[in-house]
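For reference, entry.pdb is printed below; it contains PDB, C-alpha atoms.
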ATOM      1  CA  MET A1348      17.116   2.354 -15.013
ATOM      2  CA  SER A1349      17.908   3.491 -18.487
ATOM      3  CA  GLU A1350      19.947   6.570 -19.172
ATOM      4  CA  THR A1351      17.125   8.072 -21.217
ATOM      5  CA  GLY A1352      15.134   8.691 -18.090
ATOM      6  CA  SER A1353      12.090   6.859 -19.436
ATOM      7  CA  ASP A1354      12.140   4.628 -16.393
ATOM      8  CA  ALA A1355      11.957   7.634 -14.062
ATOM      9  CA  CYS A1356       8.216   7.956 -14.586
ATOM     10  CA  PRO A1357       7.283   4.691 -12.872
ATOM     11  CA  ASP A1358       9.527   5.570  -9.920
ATOM     12  CA  ASP A1359       7.962   9.020  -9.684
ATOM     13  CA  ALA A1360       4.474   7.566 -10.006
ATOM     14  CA  VAL A1361       5.138   4.997  -7.284
ATOM     15  CA  ALA A1362       6.533   7.710  -5.006
ATOM     16  CA  ARG A1363       3.452   9.884  -5.604
ATOM     17  CA  GLN A1364       1.195   6.914  -4.944
ATOM     18  CA  HIS A1365       2.997   6.194  -1.676
ATOM     19  CA  ILE A1366       2.321   9.754  -0.558
ATOM     20  CA  GLN A1367      -1.356   9.517  -1.528
ATOM     21  CA  ILE A1368      -1.811   6.174   0.197
ATOM     22  CA  GLU A1369      -0.066   7.365   3.346
ATOM     23  CA  GLY A1370      -2.303  10.440   3.316
ATOM     24  CA  LEU A1371      -5.428   8.298   3.062
ATOM     25  CA  LEU A1372      -4.197   5.979   5.802
ATOM     26  CA  GLY A1373      -3.509   8.992   8.017
ATOM     27  CA  ALA A1374      -6.897  10.555   7.334
ATOM     28  CA  LEU A1375      -8.657   7.282   8.082
ATOM     29  CA  HIS A1376      -6.586   6.700  11.201
ATOM     30  CA  ASN A1377      -7.462  10.175  12.488
ATOM     31  CA  ARG A1378     -11.086   9.635  11.587
ATOM     32  CA  PHE A1379     -11.269   6.400  13.570
ATOM     33  CA  GLU A1380      -9.277   7.873  16.469
ATOM     34  CA  SER A1381     -11.707  10.782  16.744
ATOM     35  CA  GLY A1382     -14.523   8.383  17.610
ATOM     36  CA  ARG A1383     -16.973  10.156  15.333
ATOM     37  CA  GLU A1384     -19.985   8.305  13.984
ATOM     38  CA  LEU A1385     -19.749   6.463  10.704
ATOM     39  CA  SER A1386     -20.400   8.700   7.740
ATOM     40  CA  CYS A1387     -20.573   8.690   3.992
ATOM     41  CA  ASN A1388     -17.159  10.379   4.060
ATOM     42  CA  LEU A1389     -15.596   7.420   5.870
ATOM     43  CA  VAL A1390     -17.048   4.998   3.325
ATOM     44  CA  SER A1391     -15.715   7.207   0.544
ATOM     45  CA  LEU A1392     -12.237   7.327   2.075
ATOM     46  CA  LEU A1393     -12.124   3.535   2.360
ATOM     47  CA  ASN A1394     -13.283   3.130  -1.231
ATOM     48  CA  SER A1395     -10.654   5.638  -2.334
ATOM     49  CA  LEU A1396      -7.979   3.729  -0.449
ATOM     50  CA  THR A1397      -8.953   0.517  -2.226
ATOM     51  CA  SER A1398      -8.839   2.246  -5.590
ATOM     52  CA  HIS A1399      -5.430   3.756  -4.877
ATOM     53  CA  LEU A1400      -4.071   0.411  -3.706
ATOM     54  CA  GLU A1401      -5.304  -1.304  -6.869
ATOM     55  CA  SER A1402      -3.491   1.226  -9.068
ATOM     56  CA  HIS A1403      -0.397   1.214  -6.898
ATOM     57  CA  PHE A1404      -0.016  -2.550  -6.778
ATOM     58  CA  GLU A1405      -0.637  -2.834 -10.508
ATOM     59  CA  LEU A1406       2.109  -0.317 -11.258
ATOM     60  CA  GLU A1407       4.529  -2.107  -8.955
ATOM     61  CA  GLU A1408       3.762  -5.534 -10.361
ATOM     62  CA  ASP A1409       3.775  -4.491 -14.023
ATOM     63  CA  GLY A1410       7.353  -3.362 -14.183
ATOM     64  CA  TYR A1411       8.655  -1.786 -11.041
ATOM     65  CA  TYR A1412       9.359  -5.073  -9.298
ATOM     66  CA  ALA A1413      10.591  -6.713 -12.528
ATOM     67  CA  GLU A1414      13.212  -3.988 -12.847
ATOM     68  CA  LEU A1415      14.182  -4.454  -9.231
ATOM     69  CA  VAL A1416      14.663  -8.220  -9.664
ATOM     70  CA  GLN A1417      16.646  -7.603 -12.839
ATOM     71  CA  ILE A1418      19.000  -5.326 -10.920
ATOM     72  CA  ALA A1419      19.180  -7.584  -7.862
ATOM     73  CA  PRO A1420      18.080 -11.159  -8.682
ATOM     74  CA  ARG A1421      18.974 -12.300  -5.173
ATOM     75  CA  LEU A1422      15.961 -10.323  -3.897
ATOM     76  CA  SER A1423      13.418 -12.184  -6.048
ATOM     77  CA  GLY A1424      12.091 -14.263  -3.134
ATOM     78  CA  ARG A1425      11.443 -11.178  -1.034
ATOM     79  CA  VAL A1426       9.828  -9.408  -3.994
ATOM     80  CA  ASP A1427       7.578 -12.431  -4.613
ATOM     81  CA  ALA A1428       6.505 -12.319  -0.958
ATOM     82  CA  LEU A1429       5.578  -8.635  -1.300
ATOM     83  CA  ILE A1430       3.570  -9.350  -4.443
ATOM     84  CA  GLN A1431       1.679 -12.126  -2.642
ATOM     85  CA  GLN A1432       0.695  -9.656   0.062
ATOM     86  CA  HIS A1433      -0.916  -7.327  -2.480
ATOM     87  CA  GLY A1434      -3.927  -9.577  -2.986
ATOM     88  CA  LEU A1435      -4.413  -9.905   0.757
ATOM     89  CA  PHE A1436      -4.283  -6.139   1.235
ATOM     90  CA  LEU A1437      -6.802  -5.576  -1.545
ATOM     91  CA  ASP A1438      -9.175  -8.174  -0.120
ATOM     92  CA  GLU A1439      -9.013  -6.658   3.347
ATOM     93  CA  SER A1440      -9.384  -3.127   2.019
ATOM     94  CA  ARG A1441     -12.518  -4.142   0.135
ATOM     95  CA  LYS A1442     -13.907  -5.897   3.225
ATOM     96  CA  LEU A1443     -13.324  -2.793   5.331
ATOM     97  CA  ALA A1444     -15.167  -0.644   2.783
ATOM     98  CA  VAL A1445     -18.116  -3.062   2.727
ATOM     99  CA  MET A1446     -18.217  -3.198   6.535
ATOM    100  CA  ALA A1447     -18.290   0.598   6.693
ATOM    101  CA  GLN A1448     -20.933   0.880   3.990
ATOM    102  CA  GLU A1449     -23.212  -1.663   5.693
ATOM    103  CA  ALA A1450     -22.779  -0.088   9.121
ATOM    104  CA  PHE A1451     -23.468   3.378   7.733
ATOM    105  CA  ALA A1452     -26.519   2.194   5.768
ATOM    106  CA  ASN A1453     -27.931   0.523   8.878
ATOM    107  CA  SER A1454     -26.930   3.347  11.254
ATOM    108  CA  VAL A1455     -25.101   0.969  13.573
ATOM    109  CA  GLU A1456     -21.828   1.265  15.406
ATOM    110  CA  ALA A1457     -18.966  -0.845  14.102
ATOM    111  CA  PRO A1458     -16.212  -1.006  16.727
ATOM    112  CA  GLU A1459     -14.666  -3.996  14.936
ATOM    113  CA  LEU A1460     -14.159  -1.815  11.861
ATOM    114  CA  ALA A1461     -11.789   0.554  13.651
ATOM    115  CA  LYS A1462      -9.863  -2.348  15.130
ATOM    116  CA  ARG A1463      -9.526  -4.136  11.778
ATOM    117  CA  PHE A1464      -8.539  -0.929  10.035
ATOM    118  CA  GLU A1465      -5.765  -0.255  12.543
ATOM    119  CA  GLN A1466      -4.363  -3.750  12.079
ATOM    120  CA  PHE A1467      -4.613  -3.329   8.309
ATOM    121  CA  ARG A1468      -2.871   0.059   8.497
ATOM    122  CA  GLN A1469       0.000  -1.312  10.575
ATOM    123  CA  GLU A1470       0.496  -4.272   8.228
ATOM    124  CA  LEU A1471       0.388  -2.085   5.123
ATOM    125  CA  LEU A1472       2.898   0.359   6.598
ATOM    126  CA  ALA A1473       5.182  -2.578   7.467
ATOM    127  CA  HIS A1474       4.809  -3.818   3.877
ATOM    128  CA  GLU A1475       5.808  -0.414   2.522
ATOM    129  CA  LYS A1476       8.764  -0.274   4.916
ATOM    130  CA  GLU A1477       9.927  -3.695   3.704
ATOM    131  CA  GLU A1478       9.558  -2.512   0.125
ATOM    132  CA  THR A1479      11.659   0.575   0.829
ATOM    133  CA  GLY A1480      14.292  -1.587   2.492
ATOM    134  CA  ILE A1481      14.494  -3.887  -0.512
ATOM    135  CA  LEU A1482      14.821  -0.910  -2.866
ATOM    136  CA  GLN A1483      17.591   0.609  -0.789
ATOM    137  CA  GLU A1484      19.381  -2.704  -0.577
ATOM    138  CA  ALA A1485      19.129  -3.314  -4.312
ATOM    139  CA  TYR A1486      20.206   0.117  -5.442
ATOM    140  CA  THR A1487      22.859   0.872  -2.844
ATOM    141  CA  ARG A1488      24.462  -2.556  -2.839
ATOM    142  CA  ASP A1489      24.173  -3.528  -6.498
ATOM    143  CA  LEU A1490      24.548  -0.118  -8.139
ATOM    144  CA  GLY A1491      26.946   1.190  -5.501
ATOM    145  CA  GLU A1492      29.478  -1.499  -6.308
ATOM    146  CA  LYS A1493      29.607  -0.320  -9.932
ATOM    147  CA  ASP A1494      30.436   3.305  -9.091
TER     148      ASP A1494
END

Can you turn what I pasted into structure tokens?
Amino acid sequence: MSETGSDACPDDAVARQHIQIEGLLGALHNRFESGRELSCNLVSLLNSLTSHLESHFELEEDGYYAELVQIAPRLSGRVDALIQQHGLFLDESRKLAVMAQEAFANSVEAPELAKRFEQFRQELLAHEKEETGILQEAYTRDLGEKD
């Protein structure tokens, strides 16, 4: 990061996005766990999650990860793997939203939706945990040695 602090904004934005995404995942998880019927609200939450993920992944890919690889080039393979997962998460998020919308429009139960969402949630949380681990490794190992 530069000493001017101009690079602090992307870090802050990514951190805020993580909080928002985790909040949406939690709200959706609770919603599915409650066993309530499908609603317009559930469809809206899934659409919001997709939108947040699109913005979040774009911010990460358009600079955040590049800075990370610049600081710790040895992590480039792991960063590339994370970037590859972004497209898969977006595809699945969109599919979940469509499944919910169709089930709601047709007033049918969708037990598969809850199951797929939970798998999606677990995989996305594991992705975020891996990302955090890479960040900690890059900044503590590479920057720590310079202190």

Residues within 12 Å of (11.1, -4.3, -11.3), file coords, only C-alpha atoms, listed as a short mmCIF file (atom, residue, chain, number, x, y, z; two decimals) with C-alpha atoms, keeping the file's coordinate frame:
data_model
loop_
_atom_site.label_atom_id
_atom_site.label_comp_id
_atom_site.auth_asym_id
_atom_site.auth_seq_id
_atom_site.Cartn_x
_atom_site.Cartn_y
_atom_site.Cartn_z
CA MET A 1348 17.12 2.35 -15.01
CA ASP A 1354 12.14 4.63 -16.39
CA PRO A 1357 7.28 4.69 -12.87
CA ASP A 1358 9.53 5.57 -9.92
CA VAL A 1361 5.14 5.00 -7.28
CA GLU A 1405 -0.64 -2.83 -10.51
CA LEU A 1406 2.11 -0.32 -11.26
CA GLU A 1407 4.53 -2.11 -8.96
CA GLU A 1408 3.76 -5.53 -10.36
CA ASP A 1409 3.78 -4.49 -14.02
CA GLY A 1410 7.35 -3.36 -14.18
CA TYR A 1411 8.65 -1.79 -11.04
CA TYR A 1412 9.36 -5.07 -9.30
CA ALA A 1413 10.59 -6.71 -12.53
CA GLU A 1414 13.21 -3.99 -12.85
CA LEU A 1415 14.18 -4.45 -9.23
CA VAL A 1416 14.66 -8.22 -9.66
CA GLN A 1417 16.65 -7.60 -12.84
CA ILE A 1418 19.00 -5.33 -10.92
CA ALA A 1419 19.18 -7.58 -7.86
CA PRO A 1420 18.08 -11.16 -8.68
CA LEU A 1422 15.96 -10.32 -3.90
CA SER A 1423 13.42 -12.18 -6.05
CA VAL A 1426 9.83 -9.41 -3.99
CA ASP A 1427 7.58 -12.43 -4.61
CA ILE A 1430 3.57 -9.35 -4.44
CA GLU A 1478 9.56 -2.51 0.12
CA ILE A 1481 14.49 -3.89 -0.51
CA LEU A 1482 14.82 -0.91 -2.87
CA ALA A 1485 19.13 -3.31 -4.31
CA TYR A 1486 20.21 0.12 -5.44
#

Given the choices A:Leu1429, A:Gln1364, A:Leu1385, A:Leu1375, which gets closest to His1399 (chain A) if the distance is worked out from only C-alpha atoms? A:Gln1364

Determine the residue membership of the PyMOL selection byres ((chain A and resi 1457-1463) around 8) for the file above and supply it as JSON, numbers by chain. {"A": [1379, 1443, 1446, 1447, 1450, 1455, 1456, 1464, 1465, 1466, 1467]}

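One finds CA of Asn1394 (chain A) at 9.5 Å from CA of Gln1448 (chain A).
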
Separation of CA of His1474 (chain A) from CA of Arg1378 (chain A), in Å and rounded to one decimal: 22.2 Å

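Pairwise distance (CA of Leu1372 (chain A), CA of Gln1431 (chain A)) equals 20.8 Å.
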
Enumerate, as a PyMOL selection string, the residues matched when the PyMOL selection byres ((chain A and resi 1367-1371) around 10) is run on the file above. chain A and resi 1361-1366+1372-1377+1392-1393+1395-1400+1403+1468+1471-1472+1475

File dump, residues just selected, C-alpha atoms, as a compact mmCIF listing (two decimals), in the coordinates of the input:
# COMPACT_ATOMS: atom_id res chain seq x y z
CA VAL A 1361 5.14 5.00 -7.28
CA ALA A 1362 6.53 7.71 -5.01
CA ARG A 1363 3.45 9.88 -5.60
CA GLN A 1364 1.20 6.91 -4.94
CA HIS A 1365 3.00 6.19 -1.68
CA ILE A 1366 2.32 9.75 -0.56
CA LEU A 1372 -4.20 5.98 5.80
CA GLY A 1373 -3.51 8.99 8.02
CA ALA A 1374 -6.90 10.56 7.33
CA LEU A 1375 -8.66 7.28 8.08
CA HIS A 1376 -6.59 6.70 11.20
CA ASN A 1377 -7.46 10.18 12.49
CA LEU A 1392 -12.24 7.33 2.08
CA LEU A 1393 -12.12 3.54 2.36
CA SER A 1395 -10.65 5.64 -2.33
CA LEU A 1396 -7.98 3.73 -0.45
CA THR A 1397 -8.95 0.52 -2.23
CA SER A 1398 -8.84 2.25 -5.59
CA HIS A 1399 -5.43 3.76 -4.88
CA LEU A 1400 -4.07 0.41 -3.71
CA HIS A 1403 -0.40 1.21 -6.90
CA ARG A 1468 -2.87 0.06 8.50
CA LEU A 1471 0.39 -2.08 5.12
CA LEU A 1472 2.90 0.36 6.60
CA GLU A 1475 5.81 -0.41 2.52

Taking the file as shown, find all residues satisfying the PyMOL selection byres ((chain A and resi 1436) around 9) and write them as a compact mmCIF listing (two decimals) with C-alpha atoms, in the coordinates of the input.
# COMPACT_ATOMS: atom_id res chain seq x y z
CA THR A 1397 -8.95 0.52 -2.23
CA LEU A 1400 -4.07 0.41 -3.71
CA GLN A 1432 0.70 -9.66 0.06
CA HIS A 1433 -0.92 -7.33 -2.48
CA GLY A 1434 -3.93 -9.58 -2.99
CA LEU A 1435 -4.41 -9.90 0.76
CA LEU A 1437 -6.80 -5.58 -1.54
CA ASP A 1438 -9.18 -8.17 -0.12
CA GLU A 1439 -9.01 -6.66 3.35
CA SER A 1440 -9.38 -3.13 2.02
CA ARG A 1441 -12.52 -4.14 0.14
CA PHE A 1467 -4.61 -3.33 8.31
CA GLU A 1470 0.50 -4.27 8.23
CA LEU A 1471 0.39 -2.08 5.12

Please return region 1455-1489 of chain A, rebuilt to N, CA and C atoms, as an mmCIF file, in the frame of the given file.
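New file part-v9.cif:
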data_model
loop_
_atom_site.group_PDB
_atom_site.id
_atom_site.type_symbol
_atom_site.label_atom_id
_atom_site.label_comp_id
_atom_site.auth_asym_id
_atom_site.auth_seq_id
_atom_site.Cartn_x
_atom_site.Cartn_y
_atom_site.Cartn_z
ATOM 1 N N VAL A 1455 -25.566 1.717 12.406
ATOM 2 C CA VAL A 1455 -25.101 0.969 13.573
ATOM 3 C C VAL A 1455 -23.625 1.266 13.812
ATOM 4 N N GLU A 1456 -23.239 1.109 15.051
ATOM 5 C CA GLU A 1456 -21.828 1.265 15.406
ATOM 6 C C GLU A 1456 -21.055 0.052 14.890
ATOM 7 N N ALA A 1457 -19.800 0.243 14.608
ATOM 8 C CA ALA A 1457 -18.966 -0.845 14.102
ATOM 9 C C ALA A 1457 -17.590 -0.788 14.744
ATOM 10 N N PRO A 1458 -17.508 -1.097 16.044
ATOM 11 C CA PRO A 1458 -16.212 -1.006 16.727
ATOM 12 C C PRO A 1458 -15.160 -1.938 16.121
ATOM 13 N N GLU A 1459 -15.599 -3.056 15.565
ATOM 14 C CA GLU A 1459 -14.666 -3.996 14.936
ATOM 15 C C GLU A 1459 -13.992 -3.365 13.710
ATOM 16 N N LEU A 1460 -14.700 -2.474 13.053
ATOM 17 C CA LEU A 1460 -14.159 -1.815 11.861
ATOM 18 C C LEU A 1460 -12.904 -1.019 12.205
ATOM 19 N N ALA A 1461 -12.956 -0.245 13.256
ATOM 20 C CA ALA A 1461 -11.789 0.554 13.651
ATOM 21 C C ALA A 1461 -10.615 -0.348 14.014
ATOM 22 N N LYS A 1462 -10.901 -1.409 14.716
ATOM 23 C CA LYS A 1462 -9.863 -2.348 15.130
ATOM 24 C C LYS A 1462 -9.219 -3.020 13.916
ATOM 25 N N ARG A 1463 -10.047 -3.485 12.984
ATOM 26 C CA ARG A 1463 -9.526 -4.136 11.778
ATOM 27 C C ARG A 1463 -8.757 -3.151 10.915
ATOM 28 N N PHE A 1464 -9.261 -1.916 10.828
ATOM 29 C CA PHE A 1464 -8.539 -0.929 10.035
ATOM 30 C C PHE A 1464 -7.157 -0.681 10.614
ATOM 31 N N GLU A 1465 -7.056 -0.547 11.924
ATOM 32 C CA GLU A 1465 -5.765 -0.255 12.543
ATOM 33 C C GLU A 1465 -4.777 -1.394 12.290
ATOM 34 N N GLN A 1466 -5.238 -2.610 12.382
ATOM 35 C CA GLN A 1466 -4.363 -3.750 12.079
ATOM 36 C C GLN A 1466 -3.940 -3.716 10.611
ATOM 37 N N PHE A 1467 -4.888 -3.449 9.739
ATOM 38 C CA PHE A 1467 -4.613 -3.329 8.309
ATOM 39 C C PHE A 1467 -3.576 -2.227 8.055
ATOM 40 N N ARG A 1468 -3.774 -1.084 8.674
ATOM 41 C CA ARG A 1468 -2.871 0.059 8.497
ATOM 42 C C ARG A 1468 -1.451 -0.302 8.923
ATOM 43 N N GLN A 1469 -1.325 -0.929 10.076
ATOM 44 C CA GLN A 1469 0.000 -1.312 10.575
ATOM 45 C C GLN A 1469 0.680 -2.306 9.627
ATOM 46 N N GLU A 1470 -0.071 -3.273 9.141
ATOM 47 C CA GLU A 1470 0.496 -4.272 8.228
ATOM 48 C C GLU A 1470 0.888 -3.649 6.893
ATOM 49 N N LEU A 1471 0.068 -2.737 6.388
ATOM 50 C CA LEU A 1471 0.388 -2.085 5.123
ATOM 51 C C LEU A 1471 1.616 -1.188 5.267
ATOM 52 N N LEU A 1472 1.714 -0.472 6.371
ATOM 53 C CA LEU A 1472 2.898 0.359 6.598
ATOM 54 C C LEU A 1472 4.159 -0.498 6.732
ATOM 55 N N ALA A 1473 4.040 -1.660 7.370
ATOM 56 C CA ALA A 1473 5.182 -2.578 7.467
ATOM 57 C C ALA A 1473 5.564 -3.105 6.089
ATOM 58 N N HIS A 1474 4.579 -3.377 5.252
ATOM 59 C CA HIS A 1474 4.809 -3.818 3.877
ATOM 60 C C HIS A 1474 5.579 -2.744 3.108
ATOM 61 N N GLU A 1475 5.144 -1.513 3.222
ATOM 62 C CA GLU A 1475 5.808 -0.414 2.522
ATOM 63 C C GLU A 1475 7.230 -0.208 3.045
ATOM 64 N N LYS A 1476 7.424 -0.399 4.336
ATOM 65 C CA LYS A 1476 8.764 -0.274 4.916
ATOM 66 C C LYS A 1476 9.678 -1.376 4.373
ATOM 67 N N GLU A 1477 9.151 -2.577 4.273
ATOM 68 C CA GLU A 1477 9.927 -3.695 3.704
ATOM 69 C C GLU A 1477 10.276 -3.400 2.247
ATOM 70 N N GLU A 1478 9.328 -2.868 1.523
ATOM 71 C CA GLU A 1478 9.558 -2.512 0.125
ATOM 72 C C GLU A 1478 10.675 -1.473 0.008
ATOM 73 N N THR A 1479 10.626 -0.458 0.836
ATOM 74 C CA THR A 1479 11.659 0.575 0.829
ATOM 75 C C THR A 1479 13.022 -0.024 1.167
ATOM 76 N N GLY A 1480 13.043 -0.929 2.121
ATOM 77 C CA GLY A 1480 14.292 -1.587 2.492
ATOM 78 C C GLY A 1480 14.876 -2.391 1.355
ATOM 79 N N ILE A 1481 14.024 -3.107 0.630
ATOM 80 C CA ILE A 1481 14.494 -3.887 -0.512
ATOM 81 C C ILE A 1481 15.053 -2.963 -1.597
ATOM 82 N N LEU A 1482 14.354 -1.870 -1.855
ATOM 83 C CA LEU A 1482 14.821 -0.910 -2.866
ATOM 84 C C LEU A 1482 16.182 -0.339 -2.481
ATOM 85 N N GLN A 1483 16.310 0.056 -1.234
ATOM 86 C CA GLN A 1483 17.591 0.609 -0.789
ATOM 87 C C GLN A 1483 18.693 -0.428 -0.892
ATOM 88 N N GLU A 1484 18.387 -1.639 -0.506
ATOM 89 C CA GLU A 1484 19.381 -2.704 -0.577
ATOM 90 C C GLU A 1484 19.792 -2.974 -2.015
ATOM 91 N N ALA A 1485 18.829 -3.028 -2.909
ATOM 92 C CA ALA A 1485 19.129 -3.314 -4.312
ATOM 93 C C ALA A 1485 19.959 -2.210 -4.940
ATOM 94 N N TYR A 1486 19.538 -0.990 -4.759
ATOM 95 C CA TYR A 1486 20.206 0.117 -5.442
ATOM 96 C C TYR A 1486 21.516 0.528 -4.777
ATOM 97 N N THR A 1487 21.604 0.458 -3.475
ATOM 98 C CA THR A 1487 22.859 0.872 -2.844
ATOM 99 C C THR A 1487 23.913 -0.220 -2.943
ATOM 100 N N ARG A 1488 23.490 -1.454 -2.788
ATOM 101 C CA ARG A 1488 24.462 -2.556 -2.839
ATOM 102 C C ARG A 1488 24.867 -2.873 -4.278
ATOM 103 N N ASP A 1489 23.873 -3.087 -5.139
ATOM 104 C CA ASP A 1489 24.173 -3.528 -6.498
ATOM 105 C C ASP A 1489 24.686 -2.393 -7.378
#
